[in-house]
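Here is the structure we will look at, set down as structure tokens.
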Amino acid sequence: MTHKRPKVGLSIAMKVALLAGSVAALASLIVGTLIVSSSSDIVYENALNRLKYETNIKSLKLVSDIKNLSSDALYLAGTPPIKGIPRTIYNGGIDPLDNSNEQKWKNRLATIFSELIRAKPNYLQIRYIGIADNGKEIVRVNRQGIRIRTIPAIELQTKGKTTYFKNAAKLHLGEVYLSDVTLNREYGKISKPHTPVIRAATPIYFNNKVFGILVINMNFGEIFDSLIKNTPRHLTPYVTNEAGYFLAHPNMSMTYGFDFDTNHKIQAIYNNFDLKHTNDIRDTEYSLESNGDVIHVVEAHYDPENQERYFAVMLATSRKHLQSASYQLQYESVLVMALLVIISLVIAGVLASKLMQPLKLISIASDDLAKGREITNLPIKSQDEIGELARAFDNMRHQLDDKERELIISQGHVHHANKMASLGEMASSMAHEINTPIQSINLIAQRVQRQLKKNLSHEEINDSMKKITTSVAKVSEIINSLRNVSRDSTQDEFIETRLCDLIGDAVNMTEERFRVNNVDFNINFHNVSENTLLQCQRLQISQVLINLVNNAYYAIKELDNKWIEISIQKISNKIRFSVTDSGRGIPDENLERIFEPMFTTKEVGDGTGLGLSISSDIVAQHDGLLYVDKESKNTCFIFEIPIIHTNNKKKLL
Amino acid sequence: MTNTQKRILVVDDDVMLREMHTSVFEDEDYLVDSAADGLEALALLSTQHYDLLATDMFMPELNGFELIIKCQKEYPELKTLLLSGGGKDLEAEHGLKQVTYLGQKIEIDLFLKKPFNLDEMLGFVDKLLQE
């Protein structure tokens with residue numbers, strides 16, 4: 001059974017689902033926005049911290065590489081040949097400790113240098129340079145391609161004028177001079193391929209005087225290369241010296257501006273870049289923003305002897321990139337929120353429809369109730385508020401049934417009372433009518449008694465008895481009609497009834513009165529037999545006819561010309577009854593009101609004013625309509641009812 | 001047979017009652033005529049002398065009450081007997097001489113309420129006509 005109801009907007013379930021969904025959406029929007037706004041800073045901070053961390057790692061790596069270089073220089077300075085050589089020289093060519101000669105010590109030292117160069121791929125050259133002879137090299141081992149070569153004595157150079165020599169010779173024992181990183185030069189010219197070199201030099205003391213220095217040249221190019229290669233793609237690494245010249249740059253041609261007399265400095269990229277931003281040397285790192293980039297700078301102080309020397313190690317990235325993580329977060333948050341909203345909508349929808357199911361059942365039940373169908377599936381056993389509602393509804397339904405039953409009973413009572421009222425109106429003529437045959441019987445009986453004393457023929461007795469029987473039959477007929485009409489018949493079945501029986505009731509109840517009052521009373525069957533069957537509540541229809549005929553009588557009893565006519569006509573599948581009297585119709589002002597209950601034009605006590613109203617109800621019960629024929633020049637009431645009654649009325653009693 | 005000289009007019013719209021009334025009076029050897037209503041009765045009265053009018057109350061055209069009023073005017077000697085089962089506007093008691101209909105009061109010789117005792121009625125009629 002489908003229950004189609006008019007579409008009047010969204011269902012409650014839909015509304016609840018939407019409401020819950022919107023609440024969830026709002027909640028997740030608020031929470032999401034709060035989280036995103038508070039966390040986007042954190043996320044940005046986090047990204048920035050990663051940037052700082054990466055920069056610091058790179059800086060530490062540089063410092064550590066240089067520290068290893070210094071350690072190696074100090075380590076070499078402590079190896080036996082370093083002291084063995086001056087000891088042998090000052091002893092006249094023979095070492096007093098083990099009788100080694102100078103050349104033996106030089107060979108031993110060259111072997112140590114070679115092994116170290118072999119072990120450290122970045123080491124280019126290790127030298128032992130003496131103070132004597134204006135800084136003449138004593139031992140020198142070079143890396144030449146893949147080979148390691150100990151330079152023969154005739155190729156050794158004088159380095160007394162070099163910066164590193166001068167500076168290292170001034171140092172105390174255990175101190176290391178570190179040079180700037182510059183491109184390697186051979187005989188004053190930049191050698192190719194361009195090789196950035198740093199030199200670590202430490203003084204060698206013998207007998208408390210400086211005997212010479214030990215120098216290691218290290219190739220810094222490899223270190224910078226790996227620094228640049230090991231940087232994540234979205235970060236741009238730079239290393240500059242204190243002046244801002246690039247030592248390392250993703251584009252090699254930008255480096256060593258000071259050696260090539262170009263102006264490739266960090267300041268050329270970031271205008272407001274100030275490497276000397278602070279005088280406090282403890283500030284070894286800082287971040288700055290320029291040209292939409294965020295740059296983190298860490299000063300890699302590689303020279304323990306001079307804290308003002310450093311490499312500026314920096315990683316640059318666009319501010320957008322740093323924020324992209326928080327954009328990512330926002331994007332993901334929106335996705336999660338959308339997902340939450342969808343999930344909550346679905347859950348709310350499911351819950352709401354589940355919640356609404358019993359309500360729907362109640363709604364179906366009330367629809368059934370309204371249409372008079374049987375009510376099933378009322379969720380009265382549910383323990384929640386809906387169960388309460390269902391129970392209240394069920395209770396109400398039963399009360400409604402009771403009320404309807406009471407109403408029908410009391411309506412029946414009203415009908416009946418009205419009938420009794422019209423019966424009362426007819427009582428006098430009824431009495432007269434019954435009295436007449438009774439008087440006949442009475443007279444016959446007494447006459448027979450009297451005549452029995454004389455001679456009374458069988459014929460005469462037989463005749464008298466016939467008259468008594470006829471009279472009794474007449475009395476019975478009248479009494480039957482009276483009993484029929486006075487009975488409460490509002491709940492009678494619809495049964496097939498001959499038209500003449502319907503008319504007969506009305507005639508029996510009224511004809512005597514009309515006869516004595518000179519009312520011409522006619523019944524006309526037009527195009528229909530008086531034996532035609534009509535499905536109806538016989539006495540109800542009789543009652544309507546009696547009502548109409550009574551009304552007609554009241555209307556015309558004072559007139560000179562008194563007639564009433566009932567005519568019966570078949571029109572398609574209906575029977576039309578019309579009751580016409582000799583009156584001149586109903587005044588217009590009353591026409592609209594005559595079917596209202598309690599409306600009467602009769603004198604007080606003469607009528608209940610319910611006749612037409614009830615008649616109208618009865619005709620409606622028969623799926624017909626009672627109306628006044630306005631076309632007729634006389635007063636004419638008409639009602640038509642179907643020959644076959646489609647009984648779809650609910651049986652309540 | 002003294003009764004043979006007495007002539008009675010029976011008026012009743014009911015055929016059977018009319019016949020019965022006629023029969024019971026004839027049984028007592030009265031001369032009896034009958035009429036079905038007041039107008040017919042007046043017609044007979046104009047052609048024939050009657051000693052007693054025994055009329056029903058409720059009849060078409062002219063009822064018994066109105067008939068009596070007319071007769072009392074025209075035929076003051078005529079004895080009048082009104083027979084009725086009683087009716088809505090009729091105030092009358094069995095055996096009395098006074099009858100009120102629709103507020104109008106008349107004197108008659110006797111009012112008999114149907115159904116009445118035949119012997120009583122015939123006894124009274126006999127007495128009335130002996131006067």
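Ordering of the structure tokens sets the chain letters (A, B, ...); residue numbers start at 1 within each chain; ligands are numbered from 1 in the order shown.
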**Request:** Residues of chain B near chain A: apply a cut-off of 6 Å, count only C-alpha atoms, and supply the list as a ChimeraX atom specification.
**Result:** /B:17,58-60,85,87-88,114-115,118
What residues in segment 515-622 of chain A get the DSSP label strand (DSSP E or B)? Please answer as a PDB file with all heavy atoms, in the first residue's frame.
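Once written, selection-v2.pdb looks like this:
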ATOM      1  N   ASP A 520     -56.050  16.287  -2.124  1.00  0.00           N
ATOM      2  CA  ASP A 520     -55.978  15.358  -3.245  1.00  0.00           C
ATOM      3  C   ASP A 520     -54.569  14.772  -3.271  1.00  0.00           C
ATOM      4  O   ASP A 520     -53.586  15.487  -3.478  1.00  0.00           O
ATOM      5  CB  ASP A 520     -56.267  16.141  -4.531  1.00  0.00           C
ATOM      6  CG  ASP A 520     -56.480  15.198  -5.688  1.00  0.00           C
ATOM      7  OD1 ASP A 520     -56.552  13.966  -5.449  1.00  0.00           O
ATOM      8  OD2 ASP A 520     -56.575  15.704  -6.821  1.00  0.00           O
ATOM      9  N   PHE A 521     -54.476  13.474  -2.978  1.00  0.00           N
ATOM     10  CA  PHE A 521     -53.163  12.845  -2.809  1.00  0.00           C
ATOM     11  C   PHE A 521     -52.962  11.828  -3.911  1.00  0.00           C
ATOM     12  O   PHE A 521     -53.739  10.879  -4.042  1.00  0.00           O
ATOM     13  CB  PHE A 521     -53.105  12.188  -1.424  1.00  0.00           C
ATOM     14  CG  PHE A 521     -51.755  11.653  -1.060  1.00  0.00           C
ATOM     15  CD1 PHE A 521     -50.588  12.384  -1.302  1.00  0.00           C
ATOM     16  CD2 PHE A 521     -51.630  10.412  -0.452  1.00  0.00           C
ATOM     17  CE1 PHE A 521     -49.351  11.897  -0.952  1.00  0.00           C
ATOM     18  CE2 PHE A 521     -50.392   9.922  -0.102  1.00  0.00           C
ATOM     19  CZ  PHE A 521     -49.244  10.665  -0.352  1.00  0.00           C
ATOM     20  N   ASN A 522     -51.932  12.041  -4.749  1.00  0.00           N
ATOM     21  CA  ASN A 522     -51.718  11.162  -5.898  1.00  0.00           C
ATOM     22  C   ASN A 522     -50.302  10.608  -5.924  1.00  0.00           C
ATOM     23  O   ASN A 522     -49.334  11.282  -5.570  1.00  0.00           O
ATOM     24  CB  ASN A 522     -51.932  11.932  -7.201  1.00  0.00           C
ATOM     25  CG  ASN A 522     -53.389  12.216  -7.415  1.00  0.00           C
ATOM     26  OD1 ASN A 522     -54.212  11.312  -7.381  1.00  0.00           O
ATOM     27  ND2 ASN A 522     -53.720  13.494  -7.596  1.00  0.00           N
ATOM     28  N   ILE A 523     -50.218   9.352  -6.361  1.00  0.00           N
ATOM     29  CA  ILE A 523     -48.909   8.719  -6.554  1.00  0.00           C
ATOM     30  C   ILE A 523     -48.784   8.418  -8.040  1.00  0.00           C
ATOM     31  O   ILE A 523     -49.680   7.794  -8.622  1.00  0.00           O
ATOM     32  CB  ILE A 523     -48.806   7.381  -5.788  1.00  0.00           C
ATOM     33  CG1 ILE A 523     -49.325   7.505  -4.357  1.00  0.00           C
ATOM     34  CG2 ILE A 523     -47.382   6.838  -5.843  1.00  0.00           C
ATOM     35  CD1 ILE A 523     -48.475   8.344  -3.454  1.00  0.00           C
ATOM     36  N   ASN A 524     -47.709   8.857  -8.666  1.00  0.00           N
ATOM     37  CA  ASN A 524     -47.498   8.595 -10.090  1.00  0.00           C
ATOM     38  C   ASN A 524     -46.183   7.858 -10.334  1.00  0.00           C
ATOM     39  O   ASN A 524     -45.111   8.370 -10.007  1.00  0.00           O
ATOM     40  CB  ASN A 524     -47.440   9.911 -10.875  1.00  0.00           C
ATOM     41  CG  ASN A 524     -48.795  10.519 -11.037  1.00  0.00           C
ATOM     42  OD1 ASN A 524     -49.761   9.798 -11.265  1.00  0.00           O
ATOM     43  ND2 ASN A 524     -48.872  11.835 -10.909  1.00  0.00           N
ATOM     44  N   PHE A 525     -46.294   6.683 -10.890  1.00  0.00           N
ATOM     45  CA  PHE A 525     -45.081   6.002 -11.359  1.00  0.00           C
ATOM     46  C   PHE A 525     -44.939   6.326 -12.835  1.00  0.00           C
ATOM     47  O   PHE A 525     -45.737   5.876 -13.645  1.00  0.00           O
ATOM     48  CB  PHE A 525     -45.205   4.493 -11.144  1.00  0.00           C
ATOM     49  CG  PHE A 525     -45.123   4.090  -9.702  1.00  0.00           C
ATOM     50  CD1 PHE A 525     -46.263   4.030  -8.901  1.00  0.00           C
ATOM     51  CD2 PHE A 525     -43.892   3.792  -9.134  1.00  0.00           C
ATOM     52  CE1 PHE A 525     -46.175   3.670  -7.572  1.00  0.00           C
ATOM     53  CE2 PHE A 525     -43.807   3.423  -7.795  1.00  0.00           C
ATOM     54  CZ  PHE A 525     -44.948   3.368  -7.010  1.00  0.00           C
ATOM     55  N   LEU A 533     -37.003  -2.646  -7.824  1.00  0.00           N
ATOM     56  CA  LEU A 533     -36.284  -2.763  -6.552  1.00  0.00           C
ATOM     57  C   LEU A 533     -35.240  -1.653  -6.428  1.00  0.00           C
ATOM     58  O   LEU A 533     -34.522  -1.338  -7.369  1.00  0.00           O
ATOM     59  CB  LEU A 533     -35.593  -4.132  -6.469  1.00  0.00           C
ATOM     60  CG  LEU A 533     -36.554  -5.319  -6.444  1.00  0.00           C
ATOM     61  CD1 LEU A 533     -35.784  -6.628  -6.552  1.00  0.00           C
ATOM     62  CD2 LEU A 533     -37.403  -5.303  -5.172  1.00  0.00           C
ATOM     63  N   LEU A 534     -35.177  -1.101  -5.221  1.00  0.00           N
ATOM     64  CA  LEU A 534     -34.205  -0.029  -4.955  1.00  0.00           C
ATOM     65  C   LEU A 534     -33.422  -0.447  -3.715  1.00  0.00           C
ATOM     66  O   LEU A 534     -34.023  -0.836  -2.707  1.00  0.00           O
ATOM     67  CB  LEU A 534     -34.961   1.282  -4.690  1.00  0.00           C
ATOM     68  CG  LEU A 534     -34.126   2.487  -4.283  1.00  0.00           C
ATOM     69  CD1 LEU A 534     -33.231   2.923  -5.428  1.00  0.00           C
ATOM     70  CD2 LEU A 534     -35.025   3.630  -3.869  1.00  0.00           C
ATOM     71  N   GLN A 535     -32.061  -0.381  -3.814  1.00  0.00           N
ATOM     72  CA  GLN A 535     -31.258  -0.743  -2.636  1.00  0.00           C
ATOM     73  C   GLN A 535     -31.229   0.446  -1.691  1.00  0.00           C
ATOM     74  O   GLN A 535     -30.642   1.480  -1.997  1.00  0.00           O
ATOM     75  CB  GLN A 535     -29.830  -1.095  -3.048  1.00  0.00           C
ATOM     76  CG  GLN A 535     -29.664  -2.563  -3.329  1.00  0.00           C
ATOM     77  CD  GLN A 535     -28.224  -2.910  -3.604  1.00  0.00           C
ATOM     78  OE1 GLN A 535     -27.365  -2.038  -3.699  1.00  0.00           O
ATOM     79  NE2 GLN A 535     -27.965  -4.194  -3.754  1.00  0.00           N
ATOM     80  N   CYS A 536     -31.869   0.268  -0.521  1.00  0.00           N
ATOM     81  CA  CYS A 536     -31.934   1.419   0.390  1.00  0.00           C
ATOM     82  C   CYS A 536     -32.260   0.936   1.792  1.00  0.00           C
ATOM     83  O   CYS A 536     -32.529  -0.235   2.022  1.00  0.00           O
ATOM     84  CB  CYS A 536     -32.991   2.402  -0.087  1.00  0.00           C
ATOM     85  SG  CYS A 536     -34.646   1.717  -0.019  1.00  0.00           S
ATOM     86  N   TRP A 563     -53.593  19.844  -3.024  1.00  0.00           N
ATOM     87  CA  TRP A 563     -53.169  18.563  -3.592  1.00  0.00           C
ATOM     88  C   TRP A 563     -51.692  18.321  -3.327  1.00  0.00           C
ATOM     89  O   TRP A 563     -50.893  19.238  -3.206  1.00  0.00           O
ATOM     90  CB  TRP A 563     -53.483  18.451  -5.078  1.00  0.00           C
ATOM     91  CG  TRP A 563     -52.898  19.535  -5.970  1.00  0.00           C
ATOM     92  CD1 TRP A 563     -53.553  20.630  -6.414  1.00  0.00           C
ATOM     93  CD2 TRP A 563     -51.576  19.600  -6.504  1.00  0.00           C
ATOM     94  NE1 TRP A 563     -52.754  21.401  -7.190  1.00  0.00           N
ATOM     95  CE2 TRP A 563     -51.515  20.784  -7.275  1.00  0.00           C
ATOM     96  CE3 TRP A 563     -50.456  18.783  -6.418  1.00  0.00           C
ATOM     97  CZ2 TRP A 563     -50.353  21.165  -7.951  1.00  0.00           C
ATOM     98  CZ3 TRP A 563     -49.304  19.175  -7.096  1.00  0.00           C
ATOM     99  CH2 TRP A 563     -49.261  20.351  -7.861  1.00  0.00           C
ATOM    100  N   ILE A 564     -51.388  17.037  -3.232  1.00  0.00           N
ATOM    101  CA  ILE A 564     -49.989  16.619  -3.046  1.00  0.00           C
ATOM    102  C   ILE A 564     -49.751  15.465  -4.003  1.00  0.00           C
ATOM    103  O   ILE A 564     -50.609  14.581  -4.140  1.00  0.00           O
ATOM    104  CB  ILE A 564     -49.718  16.154  -1.602  1.00  0.00           C
ATOM    105  CG1 ILE A 564     -49.883  17.336  -0.625  1.00  0.00           C
ATOM    106  CG2 ILE A 564     -48.314  15.564  -1.465  1.00  0.00           C
ATOM    107  CD1 ILE A 564     -49.830  16.946   0.829  1.00  0.00           C
ATOM    108  N   GLU A 565     -48.613  15.525  -4.658  1.00  0.00           N
ATOM    109  CA  GLU A 565     -48.321  14.449  -5.596  1.00  0.00           C
ATOM    110  C   GLU A 565     -46.911  13.921  -5.361  1.00  0.00           C
ATOM    111  O   GLU A 565     -45.965  14.693  -5.220  1.00  0.00           O
ATOM    112  CB  GLU A 565     -48.426  14.974  -7.028  1.00  0.00           C
ATOM    113  CG  GLU A 565     -48.196  13.887  -8.055  1.00  0.00           C
ATOM    114  CD  GLU A 565     -48.182  14.443  -9.471  1.00  0.00           C
ATOM    115  OE1 GLU A 565     -49.262  14.551 -10.064  1.00  0.00           O
ATOM    116  OE2 GLU A 565     -47.074  14.778  -9.963  1.00  0.00           O
ATOM    117  N   ILE A 566     -46.852  12.589  -5.277  1.00  0.00           N
ATOM    118  CA  ILE A 566     -45.515  11.968  -5.247  1.00  0.00           C
ATOM    119  C   ILE A 566     -45.307  11.356  -6.619  1.00  0.00           C
ATOM    120  O   ILE A 566     -46.160  10.576  -7.072  1.00  0.00           O
ATOM    121  CB  ILE A 566     -45.414  10.855  -4.184  1.00  0.00           C
ATOM    122  CG1 ILE A 566     -45.679  11.425  -2.779  1.00  0.00           C
ATOM    123  CG2 ILE A 566     -44.048  10.180  -4.235  1.00  0.00           C
ATOM    124  CD1 ILE A 566     -45.627  10.358  -1.687  1.00  0.00           C
ATOM    125  N   SER A 567     -44.230  11.747  -7.305  1.00  0.00           N
ATOM    126  CA  SER A 567     -43.991  11.063  -8.565  1.00  0.00           C
ATOM    127  C   SER A 567     -42.626  10.399  -8.538  1.00  0.00           C
ATOM    128  O   SER A 567     -41.681  10.896  -7.928  1.00  0.00           O
ATOM    129  CB  SER A 567     -44.144  12.003  -9.756  1.00  0.00           C
ATOM    130  OG  SER A 567     -43.263  13.055  -9.642  1.00  0.00           O
ATOM    131  N   ILE A 568     -42.586   9.240  -9.175  1.00  0.00           N
ATOM    132  CA  ILE A 568     -41.374   8.424  -9.155  1.00  0.00           C
ATOM    133  C   ILE A 568     -40.954   8.211 -10.601  1.00  0.00           C
ATOM    134  O   ILE A 568     -41.760   7.856 -11.449  1.00  0.00           O
ATOM    135  CB  ILE A 568     -41.608   7.060  -8.474  1.00  0.00           C
ATOM    136  CG1 ILE A 568     -42.112   7.270  -7.029  1.00  0.00           C
ATOM    137  CG2 ILE A 568     -40.327   6.236  -8.442  1.00  0.00           C
ATOM    138  CD1 ILE A 568     -43.591   7.128  -6.901  1.00  0.00           C
ATOM    139  N   GLN A 569     -39.688   8.445 -10.844  1.00  0.00           N
ATOM    140  CA  GLN A 569     -39.196   8.444 -12.198  1.00  0.00           C
ATOM    141  C   GLN A 569     -37.826   7.788 -12.194  1.00  0.00           C
ATOM    142  O   GLN A 569     -37.051   7.947 -11.243  1.00  0.00           O
ATOM    143  CB  GLN A 569     -39.056   9.909 -12.644  1.00  0.00           C
ATOM    144  CG  GLN A 569     -39.129  10.116 -14.115  1.00  0.00           C
ATOM    145  CD  GLN A 569     -39.093  11.608 -14.437  1.00  0.00           C
ATOM    146  OE1 GLN A 569     -39.349  12.443 -13.547  1.00  0.00           O
ATOM    147  NE2 GLN A 569     -38.782  11.937 -15.662  1.00  0.00           N
ATOM    148  N   LYS A 570     -37.536   7.040 -13.272  1.00  0.00           N
ATOM    149  CA  LYS A 570     -36.200   6.448 -13.357  1.00  0.00           C
ATOM    150  C   LYS A 570     -35.354   7.310 -14.289  1.00  0.00           C
ATOM    151  O   LYS A 570     -35.741   7.572 -15.420  1.00  0.00           O
ATOM    152  CB  LYS A 570     -36.300   5.021 -13.892  1.00  0.00           C
ATOM    153  CG  LYS A 570     -34.974   4.288 -13.813  1.00  0.00           C
ATOM    154  CD  LYS A 570     -35.052   2.883 -14.349  1.00  0.00           C
ATOM    155  CE  LYS A 570     -33.653   2.262 -14.313  1.00  0.00           C
ATOM    156  NZ  LYS A 570     -33.482   1.274 -15.361  1.00  0.00           N
ATOM    157  N   ILE A 571     -34.204   7.754 -13.793  1.00  0.00           N
ATOM    158  CA  ILE A 571     -33.304   8.550 -14.634  1.00  0.00           C
ATOM    159  C   ILE A 571     -31.952   7.854 -14.617  1.00  0.00           C
ATOM    160  O   ILE A 571     -31.283   7.803 -13.590  1.00  0.00           O
ATOM    161  CB  ILE A 571     -33.195   9.995 -14.114  1.00  0.00           C
ATOM    162  CG1 ILE A 571     -34.540  10.674 -14.283  1.00  0.00           C
ATOM    163  CG2 ILE A 571     -32.100  10.750 -14.842  1.00  0.00           C
ATOM    164  CD1 ILE A 571     -34.631  12.033 -13.647  1.00  0.00           C
ATOM    165  N   LYS A 574     -30.630   5.935 -11.591  1.00  0.00           N
ATOM    166  CA  LYS A 574     -31.145   6.486 -10.336  1.00  0.00           C
ATOM    167  C   LYS A 574     -32.668   6.522 -10.343  1.00  0.00           C
ATOM    168  O   LYS A 574     -33.291   6.501 -11.405  1.00  0.00           O
ATOM    169  CB  LYS A 574     -30.628   7.920 -10.133  1.00  0.00           C
ATOM    170  CG  LYS A 574     -29.140   7.984  -9.845  1.00  0.00           C
ATOM    171  CD  LYS A 574     -28.690   9.402  -9.733  1.00  0.00           C
ATOM    172  CE  LYS A 574     -27.220   9.460  -9.323  1.00  0.00           C
ATOM    173  NZ  LYS A 574     -26.755  10.823  -9.229  1.00  0.00           N
ATOM    174  N   ILE A 575     -33.208   6.553  -9.145  1.00  0.00           N
ATOM    175  CA  ILE A 575     -34.652   6.766  -9.018  1.00  0.00           C
ATOM    176  C   ILE A 575     -34.854   8.171  -8.477  1.00  0.00           C
ATOM    177  O   ILE A 575     -34.222   8.563  -7.493  1.00  0.00           O
ATOM    178  CB  ILE A 575     -35.286   5.744  -8.049  1.00  0.00           C
ATOM    179  CG1 ILE A 575     -35.137   4.321  -8.586  1.00  0.00           C
ATOM    180  CG2 ILE A 575     -36.758   6.082  -7.815  1.00  0.00           C
ATOM    181  CD1 ILE A 575     -35.927   4.031  -9.840  1.00  0.00           C
ATOM    182  N   ARG A 576     -35.701   8.910  -9.160  1.00  0.00           N
ATOM    183  CA  ARG A 576     -35.988  10.280  -8.717  1.00  0.00           C
ATOM    184  C   ARG A 576     -37.367  10.292  -8.060  1.00  0.00           C
ATOM    185  O   ARG A 576     -38.359   9.884  -8.643  1.00  0.00           O
ATOM    186  CB  ARG A 576     -35.959  11.256  -9.886  1.00  0.00           C
ATOM    187  CG  ARG A 576     -36.548  12.625  -9.501  1.00  0.00           C
ATOM    188  CD  ARG A 576     -36.698  13.516 -10.691  1.00  0.00           C
ATOM    189  NE  ARG A 576     -35.413  14.086 -11.045  1.00  0.00           N
ATOM    190  CZ  ARG A 576     -35.295  15.068 -11.949  1.00  0.00           C
ATOM    191  NH1 ARG A 576     -36.370  15.542 -12.560  1.00  0.00           N
ATOM    192  NH2 ARG A 576     -34.121  15.543 -12.238  1.00  0.00           N
ATOM    193  N   PHE A 577     -37.406  10.754  -6.825  1.00  0.00           N
ATOM    194  CA  PHE A 577     -38.669  10.965  -6.116  1.00  0.00           C
ATOM    195  C   PHE A 577     -38.926  12.456  -6.082  1.00  0.00           C
ATOM    196  O   PHE A 577     -38.024  13.227  -5.733  1.00  0.00           O
ATOM    197  CB  PHE A 577     -38.563  10.476  -4.663  1.00  0.00           C
ATOM    198  CG  PHE A 577     -38.323   8.995  -4.525  1.00  0.00           C
ATOM    199  CD1 PHE A 577     -37.034   8.477  -4.567  1.00  0.00           C
ATOM    200  CD2 PHE A 577     -39.381   8.120  -4.351  1.00  0.00           C
ATOM    201  CE1 PHE A 577     -36.804   7.126  -4.431  1.00  0.00           C
ATOM    202  CE2 PHE A 577     -39.159   6.750  -4.199  1.00  0.00           C
ATOM    203  CZ  PHE A 577     -37.869   6.253  -4.248  1.00  0.00           C
ATOM    204  N   SER A 578     -40.121  12.853  -6.474  1.00  0.00           N
ATOM    205  CA  SER A 578     -40.421  14.267  -6.271  1.00  0.00           C
ATOM    206  C   SER A 578     -41.753  14.385  -5.544  1.00  0.00           C
ATOM    207  O   SER A 578     -42.688  13.625  -5.802  1.00  0.00           O
ATOM    208  CB  SER A 578     -40.427  15.016  -7.604  1.00  0.00           C
ATOM    209  OG  SER A 578     -41.475  14.569  -8.391  1.00  0.00           O
ATOM    210  N   VAL A 579     -41.769  15.296  -4.565  1.00  0.00           N
ATOM    211  CA  VAL A 579     -42.989  15.540  -3.793  1.00  0.00           C
ATOM    212  C   VAL A 579     -43.426  16.975  -4.082  1.00  0.00           C
ATOM    213  O   VAL A 579     -42.723  17.919  -3.737  1.00  0.00           O
ATOM    214  CB  VAL A 579     -42.735  15.338  -2.284  1.00  0.00           C
ATOM    215  CG1 VAL A 579     -44.005  15.652  -1.490  1.00  0.00           C
ATOM    216  CG2 VAL A 579     -42.288  13.911  -2.011  1.00  0.00           C
ATOM    217  N   THR A 580     -44.530  17.106  -4.785  1.00  0.00           N
ATOM    218  CA  THR A 580     -44.996  18.430  -5.181  1.00  0.00           C
ATOM    219  C   THR A 580     -46.327  18.704  -4.484  1.00  0.00           C
ATOM    220  O   THR A 580     -47.143  17.798  -4.319  1.00  0.00           O
ATOM    221  CB  THR A 580     -45.203  18.485  -6.701  1.00  0.00           C
ATOM    222  OG1 THR A 580     -44.063  17.888  -7.328  1.00  0.00           O
ATOM    223  CG2 THR A 580     -45.359  19.914  -7.199  1.00  0.00           C
ATOM    224  N   ASP A 581     -46.507  19.955  -4.042  1.00  0.00           N
ATOM    225  CA  ASP A 581     -47.805  20.296  -3.464  1.00  0.00           C
ATOM    226  C   ASP A 581     -48.357  21.509  -4.174  1.00  0.00           C
ATOM    227  O   ASP A 581     -47.688  22.129  -5.004  1.00  0.00           O
ATOM    228  CB  ASP A 581     -47.704  20.489  -1.944  1.00  0.00           C
ATOM    229  CG  ASP A 581     -46.782  21.629  -1.566  1.00  0.00           C
ATOM    230  OD1 ASP A 581     -46.926  22.736  -2.121  1.00  0.00           O
ATOM    231  OD2 ASP A 581     -45.897  21.419  -0.690  1.00  0.00           O
TER     232      ASP A 581
END
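Distance-wise, atom CA of Leu9 of chain B and atom CA of Tyr30 of chain B end up 10.1 Å apart.
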**Exercise: segment 582-595 of chain A partners within 7 Å, only C-alpha atoms, chain neighbours under 2 positions left out, as a ChimeraX atom specification** = /A:555-556,561-564,580,597,599,612-613,616,633-635
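Each of A:Arg233, A:Lys170, A:Arg108, A:Arg199 was compared to Lys67 of chain A using only C-alpha atoms, and A:Arg199 turns out to be the nearest.
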**Request:** Would you kindly return, as JSON, numbers by chain, each protein, DNA or RNA residue with an atom no farther than 6 Å from any atom of segment 99-109 of chain B, considering only C-alpha atoms and excluding same-chain residues fewer than 5 positions away?
**Result:** {"B": [80, 81, 89, 90, 91, 92]}
**Message:** Neighbouring residues of Leu389 of chain A were defined as those with any atom within 12 Å, considering only C-alpha atoms; residues of the same chain fewer than 3 positions away were excluded. Please report them as a ChimeraX atom specification.
**Reply:** /A:358-363,378-386,392-397
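Atom pair atom CA of Leu116 of chain A / atom CA of Pro196 of chain A has a distance of 19.6 Å (rounded to one decimal).
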